[in-house]
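*Asks:* Supplied structure: upload_0.cif, mmCIF, C-alpha atoms and all ligand atoms.
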```cif
data_model
#
loop_
_atom_site.label_atom_id
_atom_site.label_comp_id
_atom_site.auth_asym_id
_atom_site.auth_seq_id
_atom_site.Cartn_x
_atom_site.Cartn_y
_atom_site.Cartn_z
CA MET A 5 33.62 -45.60 -11.47
CA THR A 6 36.55 -45.09 -13.84
CA CYS A 7 38.81 -42.14 -13.15
CA LYS A 8 39.25 -40.18 -16.32
CA GLY A 9 40.54 -36.71 -15.47
CA GLN A 10 43.84 -36.04 -13.76
CA LEU A 11 43.65 -35.19 -10.09
CA ILE A 12 45.56 -32.05 -9.07
CA ILE A 13 46.38 -31.61 -5.39
CA ARG A 14 47.39 -28.11 -4.38
CA PRO A 15 47.75 -26.09 -1.18
CA PHE A 16 44.63 -24.61 0.41
CA VAL A 17 44.28 -20.93 -0.49
CA GLU A 18 42.95 -18.73 2.31
CA GLY A 19 40.13 -16.44 1.26
CA ARG A 20 39.28 -18.64 -1.74
CA ASP A 21 38.83 -22.28 -0.68
CA GLU A 22 36.80 -21.97 2.52
CA ILE A 23 33.38 -22.48 0.91
CA ALA A 24 34.45 -25.60 -1.02
CA TRP A 25 36.30 -26.96 2.05
CA VAL A 26 33.25 -26.66 4.31
CA SER A 27 30.92 -28.06 1.66
CA ILE A 28 33.09 -31.16 0.94
CA THR A 29 33.69 -31.83 4.64
CA ASN A 30 29.98 -31.58 5.41
CA GLU A 31 28.99 -33.85 2.51
CA TYR A 32 31.44 -36.57 3.53
CA LEU A 33 31.07 -36.49 7.31
CA SER A 34 27.31 -36.05 7.44
CA HIS A 35 26.99 -39.15 5.24
CA PHE A 36 29.13 -41.34 7.51
CA LEU A 37 28.38 -39.83 10.93
CA GLY A 38 24.68 -39.26 10.28
CA PRO A 39 22.63 -37.05 12.59
CA ASP A 40 25.45 -36.92 15.19
CA TYR A 41 27.54 -34.82 12.85
CA ILE A 42 27.34 -31.10 13.41
CA PRO A 43 27.62 -29.45 9.98
CA ARG A 44 30.38 -26.87 9.85
CA SER A 45 29.64 -23.33 8.77
CA GLN A 46 31.76 -20.48 7.44
CA GLU A 47 31.59 -19.04 10.97
CA ASP A 48 33.20 -22.24 12.34
CA MET A 49 35.88 -22.00 9.67
CA GLU A 50 36.64 -18.38 10.63
CA TRP A 51 36.79 -19.42 14.28
CA LEU A 52 39.19 -22.27 13.42
CA LYS A 53 41.44 -19.85 11.53
CA LYS A 54 41.91 -17.84 14.73
CA SER A 55 42.27 -20.90 16.98
CA PRO A 56 45.56 -22.42 18.20
CA TRP A 57 44.85 -25.54 16.07
CA TYR A 58 44.85 -23.81 12.69
CA ASN A 59 47.71 -24.91 10.48
CA PRO A 60 47.21 -24.02 6.81
CA ASP A 61 50.60 -25.57 5.90
CA GLY A 62 49.03 -29.02 6.08
CA MET A 63 45.80 -28.22 4.21
CA PHE A 64 45.35 -29.22 0.56
CA VAL A 65 42.55 -29.19 -1.99
CA ALA A 66 42.17 -31.97 -4.56
CA GLU A 67 40.77 -30.75 -7.85
CA LEU A 68 39.39 -32.45 -10.90
CA GLU A 69 39.16 -30.23 -13.98
CA GLY A 70 39.21 -27.15 -11.78
CA GLU A 71 36.46 -28.47 -9.47
CA PRO A 72 37.41 -29.12 -5.80
CA ILE A 73 36.49 -32.70 -4.89
CA GLY A 74 38.65 -33.38 -1.84
CA ALA A 75 39.71 -31.62 1.39
CA ILE A 76 42.98 -33.05 2.73
CA SER A 77 44.62 -32.17 6.00
CA VAL A 78 48.02 -33.54 7.00
CA ASP A 79 48.55 -32.27 10.50
CA VAL A 80 51.82 -32.45 12.39
CA ASP A 81 51.31 -31.46 16.01
CA GLU A 82 54.72 -30.07 16.94
CA ARG A 83 53.83 -30.13 20.66
CA ALA A 84 53.28 -33.90 20.46
CA GLY A 85 56.82 -34.42 19.14
CA ARG A 86 57.42 -35.26 15.50
CA ARG A 87 56.66 -38.99 15.71
CA HIS A 88 53.48 -38.98 13.68
CA GLY A 89 51.26 -36.87 11.47
CA THR A 90 47.47 -37.15 11.30
CA ILE A 91 45.83 -37.47 7.90
CA SER A 92 42.18 -36.52 7.27
CA ILE A 93 40.70 -36.94 3.83
CA GLU A 94 37.17 -35.86 3.05
CA LEU A 95 35.84 -36.09 -0.47
CA ARG A 96 32.72 -35.79 -2.56
CA LEU A 97 30.71 -38.97 -2.06
CA ARG A 98 30.71 -39.94 -5.71
CA TYR A 99 34.50 -40.38 -5.54
CA VAL A 100 34.57 -42.55 -2.40
CA GLY A 101 36.35 -45.83 -3.15
CA THR A 102 37.88 -44.60 -6.41
CA GLU A 103 41.48 -44.30 -7.49
CA TYR A 104 41.25 -40.58 -6.60
CA GLU A 105 40.79 -41.41 -2.93
CA ARG A 106 43.91 -43.58 -3.08
CA GLN A 107 45.85 -40.78 -4.77
CA MET A 108 44.87 -38.41 -1.94
CA LEU A 109 46.14 -40.92 0.63
CA LEU A 110 49.44 -41.46 -1.22
CA PHE A 111 49.88 -37.69 -1.54
CA SER A 112 49.41 -37.32 2.24
CA LEU A 113 52.01 -40.00 2.97
CA GLU A 114 54.47 -38.34 0.61
CA ASN A 115 53.85 -35.01 2.30
CA LEU A 116 54.72 -36.55 5.68
CA ARG A 117 57.83 -38.18 4.21
CA LEU A 118 59.03 -34.81 2.89
CA ARG A 119 58.44 -33.29 6.32
CA GLY A 120 60.55 -36.01 7.96
CA ILE A 121 57.69 -37.58 9.95
CA PRO A 122 58.11 -41.35 10.49
CA TYR A 123 54.49 -42.47 11.17
CA ALA A 124 51.09 -41.68 9.67
CA ARG A 125 47.88 -41.87 11.70
CA THR A 126 44.26 -41.57 10.62
CA TRP A 127 40.72 -42.03 12.03
CA VAL A 128 37.79 -43.91 10.57
CA ARG A 129 34.29 -44.76 11.70
CA ASP A 130 33.28 -48.44 11.52
CA ASN A 131 30.91 -47.78 8.59
CA MET A 132 33.61 -46.23 6.35
CA VAL A 133 34.03 -49.57 4.60
CA GLU A 134 35.76 -48.30 1.46
CA ARG A 135 38.24 -46.22 3.47
CA ILE A 136 39.08 -49.16 5.73
CA LYS A 137 39.66 -51.36 2.67
CA LEU A 138 41.95 -48.72 1.17
CA LEU A 139 43.93 -48.21 4.38
CA GLU A 140 44.47 -51.94 4.84
CA ALA A 141 45.50 -52.33 1.18
CA GLU A 142 48.06 -49.56 1.69
CA GLY A 143 49.61 -51.18 4.74
CA PHE A 144 47.84 -49.34 7.57
CA LYS A 145 47.11 -51.36 10.73
CA LYS A 146 44.36 -50.79 13.28
CA VAL A 147 46.09 -49.67 16.50
CA ARG A 148 43.22 -48.48 18.68
CA SER A 149 39.47 -48.72 18.98
CA PHE A 150 37.15 -46.09 20.46
CA SER A 151 33.47 -46.44 21.41
CA MET A 152 30.86 -43.78 20.83
CA MET A 153 28.46 -44.30 23.74
CA LYS A 154 24.97 -42.89 24.25
CA MET A 155 22.27 -42.77 26.90
CA ARG A 156 18.74 -41.37 27.26
CA LEU A 157 18.73 -38.77 30.02
CA SER A 158 15.34 -39.91 31.25
CA GLU A 159 17.12 -43.07 32.40
CA PHE A 160 19.82 -41.79 34.70
CA LYS A 161 19.63 -42.65 38.38
CA HIS A 162 21.23 -41.40 41.56
CA GLU A 163 22.44 -43.57 44.48
CA ILE A 164 24.81 -45.58 42.30
CA GLY A 165 27.97 -45.04 44.33
CA GLU A 166 28.56 -41.32 43.73
CA CYS A 167 30.86 -39.69 46.26
CA ARG A 168 28.97 -37.58 48.81
CA HIS A 169 32.04 -35.89 50.27
CA ILE A 170 32.76 -33.58 47.34
CA TRP A 171 31.17 -30.30 46.30
CA PHE A 172 31.04 -28.59 42.92
CA ARG A 173 31.92 -25.18 41.58
CA PRO A 174 31.10 -24.08 37.98
CA ILE A 175 34.09 -23.34 35.76
CA GLU A 176 34.12 -19.67 34.79
CA PRO A 177 35.53 -19.65 31.21
CA THR A 178 36.39 -15.94 31.30
CA ARG A 179 38.45 -16.31 34.49
CA ASN A 180 42.13 -17.03 33.70
CA SER A 181 42.69 -18.81 37.01
CA ASP A 182 39.86 -21.23 36.20
CA ILE A 183 41.30 -22.02 32.76
CA GLY A 184 44.68 -22.54 34.46
CA LEU A 185 43.15 -24.93 37.00
CA LEU A 186 41.27 -26.84 34.29
CA THR A 187 44.49 -27.17 32.27
CA PHE A 188 46.33 -28.52 35.30
CA LEU A 189 43.62 -31.06 36.21
CA LEU A 190 43.14 -32.23 32.62
CA ASN A 191 46.88 -32.66 31.99
CA GLU A 192 47.36 -34.55 35.28
CA ALA A 193 44.36 -36.83 34.66
CA PHE A 194 45.27 -37.77 31.08
CA LYS A 195 49.06 -38.00 31.51
CA GLY A 196 50.44 -40.97 29.54
CA GLN A 197 47.21 -41.86 27.71
CA PHE A 198 47.07 -42.83 24.02
CA GLY A 199 47.34 -39.79 21.73
CA PHE A 200 47.55 -37.36 24.63
CA ARG A 201 50.05 -34.53 25.04
CA PRO A 202 49.76 -31.73 27.61
CA THR A 203 47.27 -29.09 26.55
CA THR A 204 47.92 -25.35 26.91
CA VAL A 205 45.92 -22.62 28.63
CA GLU A 206 45.48 -20.97 25.24
CA GLU A 207 43.95 -24.16 23.76
CA ASN A 208 41.58 -24.70 26.65
CA LYS A 209 40.45 -21.08 26.51
CA ALA A 210 39.65 -21.53 22.78
CA TRP A 211 37.88 -24.86 23.48
CA LEU A 212 35.56 -23.25 26.07
CA SER A 213 34.71 -20.26 23.91
CA GLN A 214 33.50 -21.84 20.66
CA PRO A 215 30.74 -19.57 19.34
CA SER A 216 28.59 -22.39 17.95
CA LYS A 217 28.46 -24.27 21.26
CA GLU A 218 27.08 -23.92 24.73
CA LEU A 219 29.69 -25.25 27.15
CA TYR A 220 29.34 -26.02 30.81
CA GLY A 221 31.89 -27.35 33.24
CA VAL A 222 32.35 -27.88 36.97
CA PHE A 223 35.26 -28.54 39.27
CA ALA A 224 34.90 -31.10 42.05
CA TYR A 225 36.46 -30.17 45.41
CA TRP A 226 37.47 -32.50 48.21
CA ASP A 227 37.29 -30.06 51.11
CA LYS A 228 39.44 -27.20 49.80
CA THR A 229 41.29 -29.25 47.19
CA PRO A 230 40.21 -29.33 43.52
CA VAL A 231 40.31 -33.01 42.55
CA GLY A 232 38.43 -33.32 39.25
CA TYR A 233 36.37 -31.67 36.53
CA ILE A 234 33.82 -32.37 33.83
CA VAL A 235 33.03 -30.35 30.68
CA LEU A 236 29.83 -30.79 28.62
CA GLU A 237 29.04 -29.40 25.18
CA VAL A 238 25.79 -28.67 23.41
CA SER A 239 25.80 -27.68 19.75
CA LYS A 240 23.42 -24.76 19.27
CA LYS A 241 22.91 -25.84 15.64
CA LEU A 242 21.87 -29.38 16.55
CA VAL A 243 19.41 -28.04 19.12
CA GLU A 244 17.99 -25.58 16.55
CA ALA A 245 17.59 -28.52 14.17
CA GLY A 246 15.53 -30.33 16.81
CA ARG A 247 18.26 -32.82 17.87
CA LYS A 248 18.24 -32.69 21.65
CA VAL A 249 21.70 -34.19 22.16
CA GLY A 250 24.64 -33.10 24.27
CA GLU A 251 28.13 -34.39 24.73
CA VAL A 252 30.37 -35.23 27.66
CA SER A 253 33.47 -33.59 26.28
CA SER A 254 36.04 -34.37 28.99
CA ILE A 255 36.18 -35.75 32.52
CA GLY A 256 39.12 -36.33 34.82
CA VAL A 257 39.90 -37.06 38.45
CA LEU A 258 43.33 -36.78 40.09
CA ARG A 259 44.96 -40.17 40.82
CA PRO A 260 44.80 -40.15 44.65
CA TYR A 261 41.05 -39.48 44.52
CA ARG A 262 40.06 -42.22 42.06
CA ARG A 263 37.75 -45.18 42.83
CA LEU A 264 35.94 -43.11 45.48
CA GLY A 265 32.92 -42.24 43.35
CA VAL A 266 34.15 -38.76 42.32
CA GLY A 267 33.92 -39.59 38.59
CA THR A 268 30.37 -40.92 39.05
CA ALA A 269 29.34 -37.79 40.96
CA LEU A 270 30.84 -35.51 38.30
CA LEU A 271 29.10 -37.40 35.53
CA LEU A 272 25.72 -37.22 37.29
CA GLU A 273 26.22 -33.48 37.89
CA GLY A 274 27.04 -32.97 34.20
CA LEU A 275 24.07 -35.04 33.00
CA LYS A 276 21.78 -33.08 35.35
CA TRP A 277 22.89 -29.84 33.64
CA LEU A 278 22.22 -31.35 30.21
CA ARG A 279 18.75 -32.47 31.27
CA GLU A 280 17.93 -29.05 32.74
CA TYR A 281 19.05 -27.53 29.43
CA GLY A 282 16.36 -29.60 27.69
CA ILE A 283 18.66 -32.27 26.29
CA GLU A 284 17.25 -35.80 25.92
CA GLU A 285 20.29 -37.83 24.92
CA ALA A 286 23.93 -37.67 26.01
CA MET A 287 26.86 -39.05 24.08
CA LEU A 288 30.59 -39.41 24.59
CA GLU A 289 33.60 -41.11 23.12
CA THR A 290 35.99 -43.34 25.00
CA ASP A 291 39.13 -45.32 24.28
CA ASP A 292 38.26 -49.05 24.59
CA ASP A 293 41.68 -49.58 26.17
CA ASN A 294 41.55 -46.56 28.44
CA PRO A 295 44.03 -47.51 31.18
CA THR A 296 41.67 -46.18 33.87
CA LYS A 297 38.73 -48.26 32.54
CA ALA A 298 36.60 -45.18 31.89
CA LYS A 299 34.16 -47.31 29.87
CA ARG A 300 33.08 -49.12 33.04
CA LEU A 301 32.25 -45.80 34.69
CA TYR A 302 30.04 -44.87 31.72
CA GLU A 303 28.36 -48.28 31.66
CA LYS A 304 27.66 -48.01 35.36
CA VAL A 305 25.87 -44.69 34.80
CA GLY A 306 23.85 -46.14 31.89
CA PHE A 307 25.73 -45.44 28.65
CA LYS A 308 25.72 -48.08 25.87
CA VAL A 309 27.99 -48.43 22.84
CA ALA A 310 26.38 -46.99 19.69
CA TYR A 311 29.26 -47.45 17.25
CA LYS A 312 33.05 -47.65 16.98
CA GLU A 313 35.82 -45.51 15.63
CA PHE A 314 39.29 -46.82 14.85
CA VAL A 315 42.75 -45.34 14.67
CA TYR A 316 44.97 -46.71 11.91
CA GLU A 317 48.72 -46.21 11.63
CA ARG A 318 51.57 -47.13 9.35
CA PRO A 319 55.21 -46.13 8.94
CA VAL A 320 55.37 -43.44 6.28
CA SER A 321 58.04 -45.36 4.36
CA LEU A 322 57.50 -49.09 3.92
CA HIS A 323 60.71 -51.01 3.32
C1 LIG B 1 37.82 -42.32 34.38
C2 LIG B 1 37.88 -41.54 35.70
C3 LIG B 1 37.29 -40.14 35.45
C4 LIG B 1 37.04 -42.28 36.74
O1 LIG B 1 37.01 -41.50 37.92
P1 LIG B 1 36.79 -42.18 39.36
O2 LIG B 1 36.54 -41.07 40.31
O3 LIG B 1 37.85 -43.12 39.67
O4 LIG B 1 35.43 -42.97 39.08
P2 LIG B 1 34.50 -43.70 40.15
O5 LIG B 1 35.23 -43.91 41.42
O6 LIG B 1 33.23 -42.95 40.20
O7 LIG B 1 34.30 -45.13 39.45
C5 LIG B 1 33.08 -45.52 38.91
C6 LIG B 1 33.16 -46.92 38.36
O8 LIG B 1 33.99 -46.98 37.22
C7 LIG B 1 34.69 -48.24 37.22
N1 LIG B 1 36.14 -47.96 37.35
C8 LIG B 1 36.73 -46.76 37.55
N2 LIG B 1 38.08 -46.91 37.56
C9 LIG B 1 38.32 -48.23 37.40
C10 LIG B 1 39.52 -49.02 37.34
N3 LIG B 1 40.73 -48.43 37.44
N4 LIG B 1 39.40 -50.35 37.16
C11 LIG B 1 38.20 -50.93 37.05
N5 LIG B 1 37.03 -50.24 37.11
C12 LIG B 1 37.10 -48.91 37.27
C13 LIG B 1 34.17 -49.04 38.37
O9 LIG B 1 33.05 -49.75 37.92
C14 LIG B 1 33.76 -47.93 39.31
O10 LIG B 1 32.78 -48.32 40.22
P3 LIG B 1 33.22 -49.13 41.56
O11 LIG B 1 34.40 -48.38 42.13
O12 LIG B 1 31.98 -49.04 42.37
O13 LIG B 1 33.57 -50.49 41.08
C15 LIG B 1 39.34 -41.41 36.23
O14 LIG B 1 39.91 -42.69 36.33
C16 LIG B 1 40.24 -40.57 35.36
O15 LIG B 1 40.36 -39.36 35.58
N6 LIG B 1 40.91 -41.16 34.36
C17 LIG B 1 41.85 -40.44 33.51
C18 LIG B 1 41.14 -39.49 32.57
C19 LIG B 1 40.21 -40.28 31.66
O16 LIG B 1 40.59 -41.30 31.11
N7 LIG B 1 38.97 -39.76 31.47
C20 LIG B 1 37.98 -40.42 30.65
C21 LIG B 1 38.23 -40.22 29.22
S1 LIG B 1 37.04 -40.98 28.18
#
```
Rewrite the structure of this file - the entire thing - as structure tokens.
*Replies:*
Amino acid sequence: MTCKGQLIIRPFVEGRDEIAWVSITNEYLSHFLGPDYIPRSQEDMEWLKKSPWYNPDGMFVAELEGEPIGAISVDVDERAGRRHGTISIELRLRYVGTEYERQMLLFSLENLRLRGIPYARTWVRDNMVERIKLLEAEGFKKVRSFSMMKMRLSEFKHEIGECRHIWFRPIEPTRNSDIGLLTFLLNEAFKGQFGFRPTTVEENKAWLSQPSKELYGVFAYWDKTPVGYIVLEVSKKLVEAGRKVGEVSSIGVLRPYRRLGVGTALLLEGLKWLREYGIEEAMLETDDDNPTKAKRLYEKVGFKVAYKEFVYERPVSLH
């Protein structure tokens, strides 16, 4: 496709751009992620606006002759330090692979340069062929690979090495002390991992209270000591649409209690809840180079790789 009109990229305007933003995002992501993608709604957008992750400073709309065709977010997570910014570009499918997509990427890099951020980071799924081509042409390098893994819940088995010493207690999302404990366990478990920075109580409270999702979590106790947790998510919209899938959102075990079967026991407990909820398939995402070899735990329980996602990075200024 030849690009005739001039692309204008301007800041997102609250109260005006939400409908176009949600529509462009849904068009792009549902195409590439398929039935696993949970379409966003205006309600999700309103929830995001009140969440700790909302940062309108980094949101831009790309317009062609007054028509929004791209939703660009250039996010700098101040809590993670100012080493890198994360670029997300979603656009109308008819413009994928065109010069306009490249202009959106160059705009995002320039925005990071102006904000004094040295590195740019972005995510792609393995089937986003045009995007990968563009990133590589613009000097981005693949730095990490993640696997999306799935399993049928009719297939999970017990007696596979799960720890019998521990007991479980459901996480009560409205209880501040539970959110505090979850924050502590999660931050301890993930310390030092790729892309991780300590989460806050406020963020975890928002995570567990998303209106469009059913969330369930448990703590694992070794005698009186909390040693791990698991959190599962079910999208109410996917279930309403007849997709009986649920997600293992996060799992962690404190270092001294690892390799004792606690992770296996937590996973089985979480999958049991999903199955009782009427879910038929579980999915999760894991870093292929997870330093604690989480992928092996998932394989042991029965998960298989369905597809890959990659993280690309480049210095904002190339010399
Ligand atoms: C991943 C994690 C939850 C596993 O918890 P755990 O209690 O150690 O898990 P288990 O003892 O049940 O291990 C189950 C299997 O996983 C594999 N495994 C777990 N840790 C491993 C390691 N360090 N090296 C190799 N294999 C490992 C083994 O196959 C193990 O079975 P085995 O001990 O019978 O060989 C824990 O290491 C953790 O909290 N990691 C940090 C947080 C994290 O990365 N979470 C996952 C994000 S996707």
*Asks:* Return as a VMD selection string every polymer residue, whether protein, DNA or RNA, with at least one atom no more than 9 Å from an atom of ligand LIG 1 (chain B); count all atoms listed in the file.
*Replies:* chain A and resid 164 to 167 189 to 195 197 232 to 234 252 to 259 261 to 271 288 to 292 294 to 305
*Asks:* In Å, with one decimal, what is the gap from CA of Ile136 in chain A to CA of Ser112 in chain A?
*Replies:*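 Going from CA of Ile136 in chain A over to CA of Ser112 in chain A, I get 16.1 Å.
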*Asks:* May I ask for the distance between CA of Trp211 in chain A and CA of Met287 in chain A, given in Å to one decimal place?
*Replies:*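 We find that CA of Trp211 in chain A and CA of Met287 in chain A lie 18.0 Å from each other.
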*Asks:* Which one is closest to Leu68 in chain A: A:Leu275, A:Leu185, A:Leu138, A:Ile12? Count only C-alpha atoms.
*Replies:* A:Ile12
*Asks:* Record the distance separating CA of Pro122 in chain A and CA of Leu322 in chain A, expressed in Å with one decimal.
*Replies:*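 CA of Leu322 in chain A lies at a distance of 10.2 Å from CA of Pro122 in chain A.
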*Asks:* Leaving out range 82-93 of chain A and any residue of its chain fewer than 5 positions from it, which residues lie within 6 Å of it when counting all atoms listed in the file, given as a list in words?
*Replies:*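 Once the nearby chain positions are removed, what remains is Ala75, Ile76, Ser77, Ile121, Pro122, Tyr123, Ala124, Arg125, Thr126 and Arg201 of chain A.
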*Asks:* Residues around (31.5, -43.4, 18.9), cut-off 12 Å, counting only C-alpha atoms - what are they as a PyMOL selection string?
*Replies:* chain A and resi 36-38+40-41+127-131+149-154+251+286-292+299+307-314
